[in-house]
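To start, the structure itself, in structure tokens.
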2 protein chains.
Amino acid sequence: MAERGRPRAFDRDLALRRAMEVFWTKGYDNASLADLTSAMGINSPSLYAAFGSKEALFNEAIVLYGKVEGPQIWDSLTSAPTAKEAISGYLRATAATFTQPGKPAGCMVILGVLNINDANEGVSRALRAIRAENREVLKQRLDEGIAAGELAADLDTAKVAAFYVTVQQGMSIQARDGANRETLLAIADSAMAAWEQLVG
Amino acid sequence: MAERGRPRAFDRDLALRRAMEVFWTKGYDNASLADLTSAMGINSPSLYAAFGSKEALFNEAIVLYGKVEGPQIWDSLTSAPTAKEAISGYLRATAATFTQPGKPAGCMVILGVLNINDANEGVSRALRAIRAENREVLKQRLDEGIAAGELAADLDTAKVAAFYVTVQQGMSIQARDGANRETLLAIADSAMAAWEQLVG
DNA sequence: CCGTTTATGTAGTGATCGATACATAAACCA
DNA sequence: TGGTTTATGTATCGATCACTACATAAACGG
């Protein structure tokens, strides 16, 4: 069963990747349709036919962002043998991911929308939900540390997770302000210096 | 020597305060002239006659913000007897300042502009300069700690200052995401848990 | 009173925003 | 071939953006 009608003349996946780069660089509000269509190499009717709207395009872009940039940040949470190494790996991978040559600095989930307005409300809510989910992932890794007998049973894992997520979000702003990888790694290590006190 | 011409019909200081609240709540880009004039109770020609432009109005607003909200955040840097208490007081005052009832959550200097575009470039640069200056203030307080013989002479004060500034910037995003004062205070204390390791 | 100066309210400016109407093009099936 | 379906390019939509031209109003000094 072949496709009906005139075939699409551009690569949808490639166009989505270009859109992701624009959103990552400029944020949702500052990425204009002109910016997007220019980077994607198409006209706006093609964009709307293929993706529906600017908001729907962003939603697809954020999923792609999670697939492309997420693994390197989150892998240590499952691969590291201890909770401490998991969190440390998460922060150090963040430092590396936020300062990749040729890619925008900082995190699209954190910087995509910060100041809410009528037009970006849906996108803003989606990003906030992802941030809350990420904090929950950290907490669950800490809870696993308790289950493994590695951490004290009465440890306030929500509090510790909130702290390390906060550091990561601060690192996003630092990256946008021009901090290099070495600086971000030092910040990550500084945050880990609190570990023994926090879990002890 | 009295003023010439028709006298201004509104309170300039009060109008500036209202503008500050709008900028603080919505950020520079999302604060439209309609938002501003509505909150200030004036028409746009009066705004331009009194303040010059949206950017000039923001510049005045950020100075006012520093005068109104700055002291409670920075006072401990001069009043606290030790460097540790100074930094701790700075973070705990931040937690309180970012969650004042009836005021916008988070910091206007951090959240005012994050995604740069053609229109906000000047404002963005100004805010980034303030953030860099704030980091320098922290560093200098730590340097004073060295001069007082309280901290080791070879302590990397720039690194420590960068860490605590990063935590504060993360707290701004947390506040925007709805974190309450208790949560922010716990984050501040968590950051201070790294202190002995960082300076030791 | 008159002339000057500054502020105000109305009503716009051109530019840009996200999103579309419409005619045409290019594929399919019968 | 003709009919259907989908994509494309042009050209634009109304809304909103920051900003201002202009006539009028309200104060001053003379």
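Identifiers in the structure tokens: chain A, B, ... in order shown; residue index from 1 per chain; ligand index from 1 in order shown.
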At a cut-off of 8 Å, can you tabulate as a tab-separated table every residue of chain A near chain B together with its closest atom pair and the distance in Å to one decimal, using only C-alpha atoms and ordering rows by chain then number?
residue	atom	partner	partner_atom	distance
A:Thr25	CA	B:Asn115	CA	7.9
A:Lys26	CA	B:Asn115	CA	5.6
A:Gly27	CA	B:Asn115	CA	5.9
A:Asn30	CA	B:Asn117	CA	6.5
A:Leu111	CA	B:Leu114	CA	7.3
A:Leu114	CA	B:Leu111	CA	7.3
A:Asn115	CA	B:Lys26	CA	5.6
A:Ile116	CA	B:Lys26	CA	6.7
A:Asn117	CA	B:Asn30	CA	6.5
A:Arg128	CA	B:Asp177	CA	6.8
A:Lys159	CA	B:Ala186	CA	6.9
A:Val160	CA	B:Ser190	CA	7.6
A:Ala162	CA	B:Ile187	CA	7.0
A:Phe163	CA	B:Ile187	CA	5.1
A:Thr166	CA	B:Gly170	CA	4.6
A:Val167	CA	B:Val167	CA	5.3
A:Gln168	CA	B:Gly170	CA	7.2
A:Gln169	CA	B:Gly170	CA	4.9
A:Gly170	CA	B:Gly170	CA	3.8
A:Met171	CA	B:Thr166	CA	6.2
A:Ile173	CA	B:Gln169	CA	7.1
A:Gln174	CA	B:Thr166	CA	6.8
A:Arg176	CA	B:Leu114	CA	7.9
A:Asp177	CA	B:Arg128	CA	6.8
A:Thr183	CA	B:Lys159	CA	7.6
A:Ala186	CA	B:Lys159	CA	6.9
A:Ile187	CA	B:Phe163	CA	5.1
A:Ser190	CA	B:Phe163	CA	6.5
A:Ala191	CA	B:Ala194	CA	6.7
A:Met192	CA	B:Ala194	CA	7.5
A:Ala193	CA	B:Ala194	CA	4.8
A:Ala194	CA	B:Ala194	CA	3.7
A:Trp195	CA	B:Ala194	CA	7.4
A:Gln197	CA	B:Ala193	CA	5.8
A:Leu198	CA	B:Ser190	CA	6.7
Next item on the list: Provide as a list of chain:residue names the residues of chain A at most 6 Å from chain D, counting only C-alpha atoms (C1' of nucleotides).
Entry: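 That gives A:Arg4, A:Gly5, A:Arg6, A:Arg8 for chain A.
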Per-residue nearest contacts of chain C to chain B (9 Å; only C-alpha atoms (C1' of nucleotides)) as a Markdown table:
| residue | atom | partner | partner_atom | distance |
| --- | --- | --- | --- | --- |
| C:DT4 | C1' | B:Gly5 | CA | 8.1 |
| C:DT5 | C1' | B:Gly5 | CA | 4.3 |
| C:DT6 | C1' | B:Gly5 | CA | 4.1 |
| C:DA7 | C1' | B:Arg6 | CA | 5.5 |
| C:DT8 | C1' | B:Ser46 | CA | 7.2 |
| C:DG9 | C1' | B:Asn43 | CA | 7.6 |
Could you take the residues named above and write them with N, CA, C and O atoms (P, O5', C5', C4', C3', O3' and C1' of nucleotides), as a PDB file, in the first residue's frame?
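Wrote again_34.pdb, looks like this:
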ATOM      1  P    DT C   4       7.328  82.077  21.206  1.00  0.00           P
ATOM      2  O5'  DT C   4       7.749  81.143  22.423  1.00  0.00           O
ATOM      3  C5'  DT C   4       8.384  81.721  23.570  1.00  0.00           C
ATOM      4  C4'  DT C   4       8.545  80.669  24.643  1.00  0.00           C
ATOM      5  C3'  DT C   4       8.957  79.292  24.125  1.00  0.00           C
ATOM      6  O3'  DT C   4      10.115  78.854  24.800  1.00  0.00           O
ATOM      7  C1'  DT C   4       7.101  79.115  25.597  1.00  0.00           C
ATOM      8  P    DT C   5      10.842  77.425  24.352  1.00  0.00           P
ATOM      9  O5'  DT C   5      10.279  76.426  25.459  1.00  0.00           O
ATOM     10  C5'  DT C   5      10.336  76.787  26.846  1.00  0.00           C
ATOM     11  C4'  DT C   5       9.632  75.727  27.674  1.00  0.00           C
ATOM     12  C3'  DT C   5       9.912  74.294  27.221  1.00  0.00           C
ATOM     13  O3'  DT C   5      10.312  73.512  28.333  1.00  0.00           O
ATOM     14  C1'  DT C   5       7.580  74.650  27.434  1.00  0.00           C
ATOM     15  P    DT C   6      11.142  72.128  28.044  1.00  0.00           P
ATOM     16  O5'  DT C   6      10.086  71.047  28.572  1.00  0.00           O
ATOM     17  C5'  DT C   6       9.618  71.130  29.918  1.00  0.00           C
ATOM     18  C4'  DT C   6       8.270  70.463  30.033  1.00  0.00           C
ATOM     19  C3'  DT C   6       8.230  68.989  29.599  1.00  0.00           C
ATOM     20  O3'  DT C   6       7.868  68.197  30.716  1.00  0.00           O
ATOM     21  C1'  DT C   6       6.366  70.195  28.779  1.00  0.00           C
ATOM     22  P    DA C   7       7.686  66.607  30.582  1.00  0.00           P
ATOM     23  O5'  DA C   7       6.101  66.485  30.537  1.00  0.00           O
ATOM     24  C5'  DA C   7       5.315  67.078  31.566  1.00  0.00           C
ATOM     25  C4'  DA C   7       3.869  66.647  31.432  1.00  0.00           C
ATOM     26  C3'  DA C   7       3.651  65.165  31.139  1.00  0.00           C
ATOM     27  O3'  DA C   7       2.548  64.695  31.903  1.00  0.00           O
ATOM     28  C1'  DA C   7       2.731  66.450  29.374  1.00  0.00           C
ATOM     29  P    DT C   8       2.125  63.189  31.820  1.00  0.00           P
ATOM     30  O5'  DT C   8       0.864  63.295  30.852  1.00  0.00           O
ATOM     31  C5'  DT C   8      -0.236  64.135  31.216  1.00  0.00           C
ATOM     32  C4'  DT C   8      -1.290  64.089  30.119  1.00  0.00           C
ATOM     33  C3'  DT C   8      -1.661  62.668  29.702  1.00  0.00           C
ATOM     34  O3'  DT C   8      -3.012  62.419  30.015  1.00  0.00           O
ATOM     35  C1'  DT C   8      -1.248  64.073  27.811  1.00  0.00           C
ATOM     36  P    DG C   9      -3.563  60.906  29.941  1.00  0.00           P
ATOM     37  O5'  DG C   9      -4.335  60.917  28.540  1.00  0.00           O
ATOM     38  C5'  DG C   9      -5.305  61.926  28.289  1.00  0.00           C
ATOM     39  C4'  DG C   9      -5.875  61.774  26.889  1.00  0.00           C
ATOM     40  C3'  DG C   9      -6.201  60.331  26.474  1.00  0.00           C
ATOM     41  O3'  DG C   9      -7.450  60.323  25.793  1.00  0.00           O
ATOM     42  C1'  DG C   9      -4.612  61.256  24.953  1.00  0.00           C
TER      43       DG C   9
END
Notebook entry, point to check: Suppose you want the space between CA of Ala119 in chain A and CA of Phe98 in chain B; what is it in Å?
Noted result: 25.3 Å
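Each of C:DA25, C:DA30, C:DC2, C:DC17 was compared to Ala34 in chain A using only C-alpha atoms (C1' of nucleotides), and C:DC17 turns out to be the nearest.
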Item checked: Per-residue DSSP, range 12-135 of chain A, filtered to helix (DSSP H, G or I), as an MDAnalysis selection string -> chainID A and resid 12:30 33:40 44:51 54:79 83:97 108:111 121:135
Next item on the list: Work out how far apart CA of Gly89 in chain A and CA of Asn180 in chain B are and give it in Å to one decimal.
Entry: 28.1 Å
Notebook entry, point to check: Interatomic distance between CA of Asp13 in chain A and CA of Glu133 in chain A?
Noted result: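 Computed distance, CA of Asp13 in chain A to CA of Glu133 in chain A, equals 26.2 Å.
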